[in-house]
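Student: Structure supplied as protein.txt; contents: compact mmCIF, C-alpha atoms.
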```
# COMPACT_ATOMS: atom_id res chain seq x y z
CA MET A 11 -84.18 -18.88 -4.98
CA ILE A 12 -84.09 -20.91 -1.80
CA GLY A 13 -81.04 -22.91 -2.69
CA ILE A 14 -77.67 -23.59 -1.18
CA ILE A 15 -74.39 -24.23 -2.91
CA GLY A 16 -72.92 -27.65 -3.61
CA GLN A 17 -70.17 -29.24 -5.61
CA LYS A 18 -70.78 -31.84 -8.29
CA ILE A 19 -68.47 -34.74 -7.50
CA GLY A 20 -69.47 -37.19 -10.22
CA MET A 21 -71.79 -40.05 -10.97
CA THR A 22 -72.08 -43.62 -9.75
CA GLN A 23 -74.74 -46.24 -9.05
CA VAL A 24 -76.40 -47.30 -5.82
CA PHE A 25 -79.11 -49.76 -4.86
CA ASP A 26 -82.33 -48.12 -3.76
CA GLU A 27 -84.70 -49.43 -1.10
CA THR A 28 -86.37 -51.87 -3.50
CA GLY A 29 -83.00 -53.32 -4.52
CA LYS A 30 -82.98 -51.71 -7.95
CA ILE A 31 -79.77 -50.21 -9.21
CA THR A 32 -80.11 -46.47 -9.66
CA PRO A 33 -77.84 -43.97 -11.41
CA VAL A 34 -77.01 -41.10 -9.09
CA THR A 35 -75.05 -37.88 -9.11
CA VAL A 36 -73.03 -37.21 -5.99
CA LEU A 37 -73.31 -33.63 -4.77
CA LYS A 38 -71.11 -32.52 -1.94
CA ILE A 39 -72.89 -30.04 0.25
CA ALA A 40 -70.12 -29.04 2.57
CA PRO A 41 -71.31 -26.45 5.06
CA ASN A 42 -72.32 -23.20 3.35
CA VAL A 43 -71.10 -20.26 5.41
CA VAL A 44 -73.55 -17.43 5.84
CA VAL A 45 -71.56 -14.45 4.66
CA GLY A 46 -74.23 -11.81 4.91
CA ARG A 47 -77.88 -10.92 4.96
CA LYS A 48 -79.74 -8.44 2.83
CA ASP A 49 -82.83 -6.75 4.12
CA LYS A 50 -85.71 -4.92 2.56
CA GLU A 51 -84.85 -1.48 3.86
CA THR A 52 -81.40 -1.24 2.34
CA PHE A 53 -81.55 -3.59 -0.66
CA GLY A 54 -85.24 -3.81 -1.51
CA TYR A 55 -85.39 -7.58 -1.00
CA GLU A 56 -84.51 -10.14 1.61
CA ALA A 57 -81.76 -12.64 0.99
CA VAL A 58 -79.04 -14.66 2.60
CA VAL A 59 -75.57 -14.68 1.04
CA PHE A 60 -73.85 -18.05 1.15
CA GLY A 61 -70.18 -18.72 0.59
CA PHE A 62 -68.60 -21.96 -0.62
CA PHE A 63 -65.09 -23.27 -1.44
CA GLY A 64 -62.24 -22.01 0.71
CA MET A 65 -59.49 -19.91 -0.81
CA LYS A 66 -55.74 -19.84 -0.48
CA LYS A 67 -54.57 -16.81 1.40
CA LYS A 68 -52.37 -15.58 -1.43
CA ASN A 69 -55.33 -15.54 -3.82
CA VAL A 70 -57.43 -13.25 -1.64
CA THR A 71 -57.07 -9.60 -2.57
CA LYS A 72 -57.81 -6.94 0.01
CA PRO A 73 -60.85 -5.55 -1.82
CA TYR A 74 -62.26 -9.09 -2.15
CA ALA A 75 -61.67 -9.85 1.50
CA GLY A 76 -63.31 -6.57 2.43
CA GLN A 77 -66.81 -7.82 1.59
CA PHE A 78 -66.60 -10.58 4.19
CA PRO A 79 -67.54 -9.77 7.78
CA GLU A 80 -65.05 -10.29 10.54
CA GLY A 81 -64.53 -13.88 11.58
CA VAL A 82 -65.68 -15.30 8.24
CA ALA A 83 -62.96 -16.70 5.98
CA PRO A 84 -63.21 -15.55 2.34
CA THR A 85 -64.79 -18.07 -0.02
CA ARG A 86 -64.41 -18.45 -3.75
CA ILE A 87 -68.08 -18.66 -4.58
CA LEU A 88 -70.85 -16.42 -3.32
CA ARG A 89 -74.51 -16.99 -4.04
CA GLU A 90 -77.57 -15.19 -2.81
CA SER A 91 -80.59 -17.10 -1.66
CA LYS A 92 -83.73 -15.01 -1.79
CA ASP A 93 -86.37 -15.45 0.90
CA PHE A 94 -84.40 -18.22 2.56
CA GLN A 95 -86.45 -19.96 5.23
CA GLY A 96 -84.77 -20.99 8.39
CA ASP A 97 -82.71 -19.65 11.19
CA VAL A 98 -79.45 -18.27 9.87
CA GLU A 99 -76.96 -15.91 11.44
CA VAL A 100 -73.88 -14.46 9.85
CA GLY A 101 -70.92 -16.72 10.48
CA LYS A 102 -73.01 -19.87 10.96
CA SER A 103 -73.31 -22.50 8.29
CA VAL A 104 -75.95 -24.64 6.58
CA GLY A 105 -75.13 -28.19 5.49
CA VAL A 106 -76.77 -31.27 4.00
CA GLU A 107 -79.16 -31.47 6.94
CA TYR A 108 -81.10 -28.77 5.09
CA PHE A 109 -82.33 -31.48 2.71
CA GLU A 110 -83.43 -33.89 5.43
CA GLY A 111 -86.96 -34.97 4.57
CA VAL A 112 -86.90 -33.36 1.12
CA ARG A 113 -87.97 -35.79 -1.62
CA PHE A 114 -87.22 -33.82 -4.77
CA VAL A 115 -84.73 -31.09 -5.58
CA ASP A 116 -83.91 -28.72 -8.44
CA VAL A 117 -80.27 -28.38 -9.42
CA SER A 118 -78.87 -25.53 -11.50
CA ALA A 119 -75.39 -25.08 -12.87
CA ASN A 120 -73.53 -23.93 -15.94
CA THR A 121 -73.35 -26.60 -18.61
CA LYS A 122 -70.10 -27.75 -20.16
CA GLY A 123 -68.94 -25.39 -22.91
CA LYS A 124 -69.08 -26.99 -26.36
CA GLY A 125 -67.44 -24.15 -28.34
CA PHE A 126 -68.61 -23.04 -31.79
CA GLN A 127 -70.98 -25.69 -33.08
CA GLY A 128 -72.95 -26.22 -36.25
CA VAL A 129 -76.72 -26.48 -36.56
CA VAL A 130 -76.84 -30.27 -36.42
CA LYS A 131 -75.36 -30.48 -32.93
CA ARG A 132 -76.63 -27.14 -31.65
CA TRP A 133 -80.24 -27.24 -32.83
CA GLY A 134 -80.76 -30.85 -33.85
CA PHE A 135 -81.15 -30.19 -37.61
CA GLY A 136 -81.36 -33.37 -39.61
CA GLY A 137 -78.72 -32.54 -42.19
CA GLY A 138 -78.64 -34.02 -45.66
CA ARG A 139 -77.56 -37.19 -47.34
CA ALA A 140 -73.89 -38.04 -47.24
CA THR A 141 -73.64 -39.83 -50.59
CA HIS A 142 -75.47 -40.45 -53.87
CA GLY A 143 -74.50 -37.10 -55.34
CA SER A 144 -75.92 -35.09 -52.48
CA LYS A 145 -74.32 -31.68 -52.12
CA PHE A 146 -76.13 -30.83 -48.88
CA HIS A 147 -74.55 -32.30 -45.76
CA ARG A 148 -74.59 -30.45 -42.44
CA GLU A 149 -75.39 -26.91 -43.57
CA PRO A 150 -78.28 -24.83 -42.23
CA GLY A 151 -79.72 -24.20 -45.73
CA SER A 152 -81.12 -20.91 -46.97
CA THR A 153 -82.31 -18.28 -44.51
CA GLY A 154 -83.37 -15.19 -46.43
CA GLN A 155 -85.60 -16.61 -49.22
CA ARG A 156 -86.20 -14.41 -52.23
CA THR A 157 -87.98 -11.13 -52.97
CA TYR A 158 -90.02 -11.78 -49.90
CA PRO A 159 -88.93 -11.59 -47.08
CA HIS A 160 -85.61 -10.53 -48.57
CA LYS A 161 -83.91 -10.65 -45.18
CA THR A 162 -83.02 -13.16 -42.49
CA PHE A 163 -85.57 -13.16 -39.71
CA LYS A 164 -84.41 -12.62 -36.18
CA ASN A 165 -83.80 -15.67 -34.00
CA VAL A 166 -83.16 -17.99 -36.94
CA LYS A 167 -81.25 -21.03 -35.70
CA LEU A 168 -77.68 -20.76 -36.92
CA PRO A 169 -74.27 -22.06 -35.88
CA GLY A 170 -72.65 -20.44 -32.89
CA ARG A 171 -71.38 -20.83 -29.36
CA MET A 172 -73.01 -23.70 -27.49
CA GLY A 173 -73.00 -24.67 -23.85
CA ASN A 174 -71.68 -22.85 -20.80
CA GLU A 175 -75.09 -21.47 -19.99
CA LYS A 176 -77.11 -21.77 -16.83
CA VAL A 177 -79.47 -24.74 -16.84
CA THR A 178 -81.83 -25.88 -14.12
CA ILE A 179 -82.94 -29.49 -13.92
CA LEU A 180 -86.25 -29.80 -12.11
CA ASN A 181 -87.58 -32.53 -9.84
CA LEU A 182 -84.57 -34.74 -9.32
CA LYS A 183 -85.35 -37.44 -6.80
CA VAL A 184 -83.30 -37.44 -3.64
CA ILE A 185 -81.97 -40.94 -3.13
CA ARG A 186 -79.96 -40.37 0.01
CA VAL A 187 -78.91 -37.63 2.40
CA ASP A 188 -75.56 -38.67 3.81
CA ALA A 189 -74.76 -36.35 6.70
CA GLU A 190 -71.62 -38.24 7.61
CA ASN A 191 -69.90 -37.46 4.31
CA GLY A 192 -71.81 -34.23 3.72
CA VAL A 193 -73.19 -35.66 0.52
CA LEU A 194 -76.50 -35.60 -1.31
CA LEU A 195 -77.30 -38.38 -3.79
CA VAL A 196 -79.66 -37.31 -6.54
CA ARG A 197 -81.16 -39.56 -9.21
CA GLY A 198 -79.96 -38.84 -12.72
CA ALA A 199 -77.59 -36.36 -14.28
CA VAL A 200 -76.79 -32.79 -13.36
CA PRO A 201 -75.39 -30.10 -15.69
CA GLY A 202 -71.76 -29.07 -15.56
CA PRO A 203 -68.34 -30.69 -15.38
CA ARG A 204 -67.07 -32.55 -12.32
CA ASN A 205 -66.15 -30.39 -9.34
CA CYS A 206 -68.22 -27.46 -10.56
CA ALA A 207 -70.41 -25.40 -8.27
CA VAL A 208 -74.13 -26.11 -8.38
CA VAL A 209 -77.11 -24.57 -6.63
CA VAL A 210 -79.51 -27.06 -5.05
CA ARG A 211 -82.95 -26.16 -3.78
CA PRO A 212 -86.00 -28.15 -2.70
CA ALA A 213 -88.10 -28.70 -5.81
CA VAL A 214 -90.27 -25.69 -6.52
CA LYS A 215 -92.93 -27.46 -8.56
CA LYS A 216 -93.28 -30.39 -6.20
CA ALA A 217 -93.00 -28.39 -2.98
CA LYS A 218 -96.70 -28.62 -2.13
CA ARG A 219 -97.06 -32.30 -2.78
CA GLY A 220 -93.60 -33.28 -1.58
CA MET B 28 -63.13 -39.34 -6.75
CA ASN B 29 -62.42 -40.52 -3.26
CA LEU B 30 -65.90 -39.61 -2.10
CA ILE B 31 -67.39 -41.70 -4.88
CA LYS B 32 -65.24 -44.65 -3.91
CA LYS B 33 -66.40 -44.27 -0.34
CA ILE B 34 -70.05 -44.35 -1.39
CA GLU B 35 -69.46 -47.29 -3.69
CA ALA B 36 -67.63 -49.20 -0.97
CA ALA B 37 -70.77 -49.07 1.15
CA GLU B 38 -72.75 -50.66 -1.67
CA LEU B 39 -70.43 -53.61 -2.19
CA ARG B 40 -71.36 -56.94 -0.66
CA GLU B 41 -69.36 -59.98 0.12
CA VAL B 42 -69.91 -62.63 -2.48
CA PRO B 43 -68.45 -66.07 -2.77
CA ASP B 44 -65.67 -66.49 -5.27
CA PHE B 45 -67.12 -68.02 -8.37
CA LYS B 46 -66.18 -67.94 -12.03
CA PRO B 47 -67.78 -68.50 -15.42
CA GLY B 48 -68.28 -72.21 -15.90
CA ASP B 49 -69.40 -72.78 -12.34
CA THR B 50 -72.91 -73.91 -11.61
CA VAL B 51 -74.53 -71.70 -9.00
CA ARG B 52 -77.76 -71.53 -7.10
CA VAL B 53 -79.06 -67.98 -6.65
CA HIS B 54 -81.58 -67.31 -3.90
CA PHE B 55 -83.29 -64.22 -5.23
CA LYS B 56 -85.86 -62.19 -3.33
CA ILE B 57 -88.95 -61.42 -5.35
CA VAL B 58 -91.49 -58.81 -4.30
CA GLU B 59 -95.06 -59.47 -5.37
CA GLY B 60 -97.21 -56.63 -4.21
CA LYS B 61 -96.69 -56.77 -0.49
CA ASN B 62 -95.46 -60.30 -0.29
CA GLU B 63 -91.85 -61.23 -0.47
CA ARG B 64 -90.61 -64.64 -1.37
CA VAL B 65 -87.33 -66.25 -2.28
CA GLN B 66 -86.91 -67.88 -5.65
CA VAL B 67 -84.08 -70.26 -6.30
CA TYR B 68 -82.50 -70.06 -9.72
CA GLU B 69 -79.88 -72.62 -10.61
CA GLY B 70 -77.74 -72.67 -13.69
CA LEU B 71 -74.42 -72.27 -15.41
CA VAL B 72 -72.55 -68.96 -15.10
CA LEU B 73 -71.91 -67.77 -18.66
CA SER B 74 -70.14 -64.52 -17.89
CA ILE B 75 -69.18 -62.06 -15.21
CA LYS B 76 -69.03 -58.39 -16.11
CA ASN B 77 -66.94 -56.22 -13.87
CA ALA B 78 -68.23 -52.68 -13.75
CA GLY B 79 -67.77 -51.36 -10.23
CA VAL B 80 -70.96 -51.35 -8.18
CA GLY B 81 -72.95 -52.60 -11.14
CA ARG B 82 -70.99 -55.85 -11.51
CA SER B 83 -73.25 -58.49 -12.93
CA PHE B 84 -73.25 -62.13 -13.87
CA MET B 85 -75.31 -64.12 -16.32
CA VAL B 86 -76.78 -67.49 -15.45
CA ARG B 87 -78.18 -69.88 -18.06
CA LYS B 88 -80.43 -72.76 -17.33
CA ASN B 89 -82.61 -75.11 -19.25
CA SER B 90 -86.21 -74.77 -18.24
CA TYR B 91 -88.42 -77.48 -19.74
CA GLY B 92 -86.44 -77.55 -22.95
CA VAL B 93 -86.17 -73.78 -23.26
CA GLY B 94 -82.90 -72.01 -22.54
CA VAL B 95 -83.33 -69.19 -20.03
CA GLU B 96 -80.69 -66.61 -19.30
CA ARG B 97 -80.86 -64.19 -16.43
CA VAL B 98 -78.54 -61.36 -15.46
CA PHE B 99 -78.13 -60.57 -11.78
CA PRO B 100 -76.33 -57.56 -10.30
CA LEU B 101 -73.63 -59.10 -8.15
CA ASN B 102 -74.03 -56.57 -5.34
CA SER B 103 -77.82 -56.64 -5.32
CA PRO B 104 -79.32 -56.69 -1.84
CA ARG B 105 -82.03 -58.91 -3.29
CA ILE B 106 -79.63 -61.82 -3.60
CA GLU B 107 -80.19 -63.61 -0.35
CA LYS B 108 -77.69 -66.37 -0.83
CA LEU B 109 -75.37 -67.59 -3.53
CA GLU B 110 -74.26 -71.21 -3.47
CA ILE B 111 -71.76 -72.84 -5.74
CA VAL B 112 -73.03 -76.25 -6.76
CA ARG B 113 -70.23 -77.32 -9.07
CA TYR B 114 -66.88 -75.89 -10.04
CA GLY B 115 -66.26 -75.76 -13.76
CA LYS B 116 -63.04 -75.79 -15.72
CA PRO B 117 -63.79 -73.70 -18.81
CA ARG B 118 -61.18 -72.60 -21.32
CA ARG B 119 -62.51 -69.10 -21.87
CA ALA B 120 -63.96 -66.25 -19.81
CA LYS B 121 -67.27 -65.85 -21.63
CA LEU B 122 -69.13 -69.04 -22.40
CA TYR B 123 -71.59 -67.66 -24.94
CA TYR B 124 -70.71 -70.48 -27.34
CA ILE B 125 -72.68 -72.87 -25.17
CA ARG B 126 -75.94 -71.37 -26.43
CA GLU B 127 -75.52 -73.11 -29.76
CA LYS B 128 -74.33 -76.43 -28.39
CA VAL B 129 -76.49 -79.40 -27.60
CA GLY B 130 -75.88 -82.45 -25.48
CA LYS B 131 -72.41 -83.22 -24.27
CA LYS B 132 -70.91 -80.25 -26.09
CA ALA B 133 -73.01 -77.95 -23.95
CA LYS B 134 -71.17 -79.11 -20.87
CA VAL B 135 -68.24 -77.57 -19.10
CA LYS B 136 -65.59 -79.86 -17.70
CA GLU B 137 -65.71 -80.19 -13.96
CA LEU B 138 -62.87 -78.90 -11.87
CA LEU B 139 -62.13 -81.69 -9.46
CA GLY B 140 -60.80 -81.06 -6.03
CA GLY B 141 -62.32 -77.58 -5.72
CA ARG B 142 -60.64 -74.28 -6.25
CA LYS B 143 -57.75 -72.89 -4.31
CA ALA B 144 -58.27 -69.83 -2.15
CA PRO B 145 -58.68 -66.78 -4.38
CA ARG B 146 -55.50 -64.96 -5.17
CA LYS B 147 -57.07 -61.61 -4.30
CA GLU B 148 -57.16 -62.32 -0.59
CA THR B 149 -53.53 -63.33 -0.39
CA ALA B 150 -52.53 -60.21 -2.31
CA ALA B 151 -54.50 -58.04 0.09
CA ALA B 152 -52.89 -59.73 3.05
CA GLU B 153 -49.39 -59.19 1.70
CA ALA B 154 -49.86 -55.59 0.69
CA PRO B 155 -50.04 -54.06 4.18
CA ALA B 156 -47.00 -56.06 5.25
CA GLN B 157 -44.92 -54.48 2.52
CA ALA B 158 -46.16 -50.99 3.24
```
Take the structure in this file and express it as structure tokens.

Tutor:
Amino acid sequence: MIGIIGQKIGMTQVFDETGKITPVTVLKIAPNVVVGRKDKETFGYEAVVFGFFGMKKKNVTKPYAGQFPEGVAPTRILRESKDFQGDVEVGKSVGVEYFEGVRFVDVSANTKGKGFQGVVKRWGFGGGRATHGSKFHREPGSTGQRTYPHKTFKNVKLPGRMGNEKVTILNLKVIRVDAENGVLLVRGAVPGPRNCAVVVRPAVKKAKRG
Amino acid sequence: MNLIKKIEAAELREVPDFKPGDTVRVHFKIVEGKNERVQVYEGLVLSIKNAGVGRSFMVRKNSYGVGVERVFPLNSPRIEKLEIVRYGKPRRAKLYYIREKVGKKAKVKELLGGRKAPRKETAAAEAPAQA
């Protein structure tokens, strides 16, 4: 992954170059500190480790602080970026300028947790009739049939925990790169609650054409 | 949320103070292929919807016997100029009832003598003095 870390601030609307109003998500890409580098000899792959979100001193335990090199303040979030292109040294930082000239990005984050949900919300089942003597409302229905197959198949869609899983949205259009505020404006919605950490990378599937 | 407000503040434009019931003339830029021209659209303001950057207003006019309603984003960069032709004195904020009226009933009383300076500006001027 060739992404850097950002923070989802929220959504608003801006006017694009043609004067059309566009829904955008504001992503704050405050400078990502390069915490470390991994090389092929020791780790088997090449990567850059980025840190994001400062921490209060009292929340930093000694073992946690130990993984940061000297001169780098501990950060709450660490993410590895495999095969990161560009000139990075430990202790330096990468900011929004990284997206200068990029037209599309992919954004991944953990979605909002929905808790234990039924099949209608979780899998989009239609459910049954509410009235007219119907006794089938929002249930999943039968799963094991009769003599055959006489068991519930694996991966049958049933109620359960929903949300709080990693989701990547591909090909979001970059509306604006605002270096002054350290902000990236991306068209459309992005997974996760406000203020959550997201990973932004130049779009993989549009990289060639971009 | 502060960052969002900052971004939104950059999108806001200065617009003349007008209200539903006023008759306005909107100079709206229209892009046709590569050409750009300005179209003037004049009519009665039926409503103003306040929704942050996306604030919009609806203008109704009678075009050759057919009622036409158009919604413009108030902060749109495509609005070149906004003139107030006539101040109205309506008795409600949304004038949707006018759609069903014909003749004299479809008119809004005129506010004679113009409108006083908007209250907003005076409030903004006083606020720093108190703080």

Student: For chain B versus chain A, which residues have an atom no more than 12 Å away, and what is each residue's nearest atom pair and distance in Å rounded to one decimal, using all atoms listed in the file, chain-then-number order, as CSV?

Tutor:
```
residue,atom,partner,partner_atom,distance
B:Met28,CA,A:Ile19,CA,7.1
B:Asn29,CA,A:Ile19,CA,9.4
B:Leu30,CA,A:Ile19,CA,7.7
B:Ile31,CA,A:Thr22,CA,7.0
B:Lys32,CA,A:Thr22,CA,9.1
B:Lys33,CA,A:Asn191,CA,9.0
B:Ile34,CA,A:Val24,CA,8.3
B:Glu35,CA,A:Val24,CA,7.3
B:Ala36,CA,A:Val24,CA,10.2
B:Ala37,CA,A:Val24,CA,9.1
B:Glu38,CA,A:Val24,CA,6.5
B:Leu39,CA,A:Val24,CA,9.4
B:Arg40,CA,A:Phe25,CA,11.4
B:Phe55,CA,A:Gly29,CA,10.9
B:Lys56,CA,A:Gly29,CA,9.4
B:Ile57,CA,A:Thr28,CA,10.1
B:Val58,CA,A:Thr28,CA,8.7
B:Glu59,CA,A:Thr28,CA,11.7
B:Gly60,CA,A:Thr28,CA,11.9
B:Lys61,CA,A:Thr28,CA,11.8
B:Glu63,CA,A:Thr28,CA,11.3
B:Ala78,CA,A:Gln23,CA,10.3
B:Gly79,CA,A:Gln23,CA,8.7
B:Val80,CA,A:Gln23,CA,6.4
B:Gly81,CA,A:Gln23,CA,6.9
B:Arg82,CA,A:Gln23,CA,10.6
B:Ser83,CA,A:Ile31,CA,11.2
B:Phe99,CA,A:Ile31,CA,10.8
B:Pro100,CA,A:Ile31,CA,8.2
B:Leu101,CA,A:Ile31,CA,10.9
B:Asn102,CA,A:Phe25,CA,8.5
B:Ser103,CA,A:Gly29,CA,6.2
B:Pro104,CA,A:Gly29,CA,5.7
B:Arg105,CA,A:Gly29,CA,5.8
B:Ile106,CA,A:Gly29,CA,9.2
B:Glu107,CA,A:Gly29,CA,11.5
```

Student: So, with all atoms listed in the file as the atoms that count, which of A:Val214, A:Ala199, A:Met172, A:Val115 lies closest to Val184 in chain A?

Tutor: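 Smallest separation from Val184 in chain A among the options: A:Val115.
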
Student: Rounded to one decimal, what separation in Å do you get between CA of Arg171 in chain A and CA of Phe126 in chain A?

Tutor: 4.3 Å

Student: Can you measure CA of Arg47 in chain A to CA of Ile179 in chain A for me? One decimal in Å is fine.

Tutor: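 It comes out at 27.0 Å.
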
Student: Excluding range 126-132 of chain B and any residue of its chain fewer than 2 positions from it, enumerate the residues within 12 Å of it, using all atoms listed in the file, and give them as a VMD selection string.

Tutor: chain B and resid 71 73 86 to 89 92 to 96 121 to 124 134 to 136

Student: Around the point (-71.3, -18.8, 11.2) (coordinates from the file), which residues reach within 8 Å if we count all atoms listed in the file? Answer as a PyMOL selection string.

Tutor: chain A and resi 43-45+82+99-103
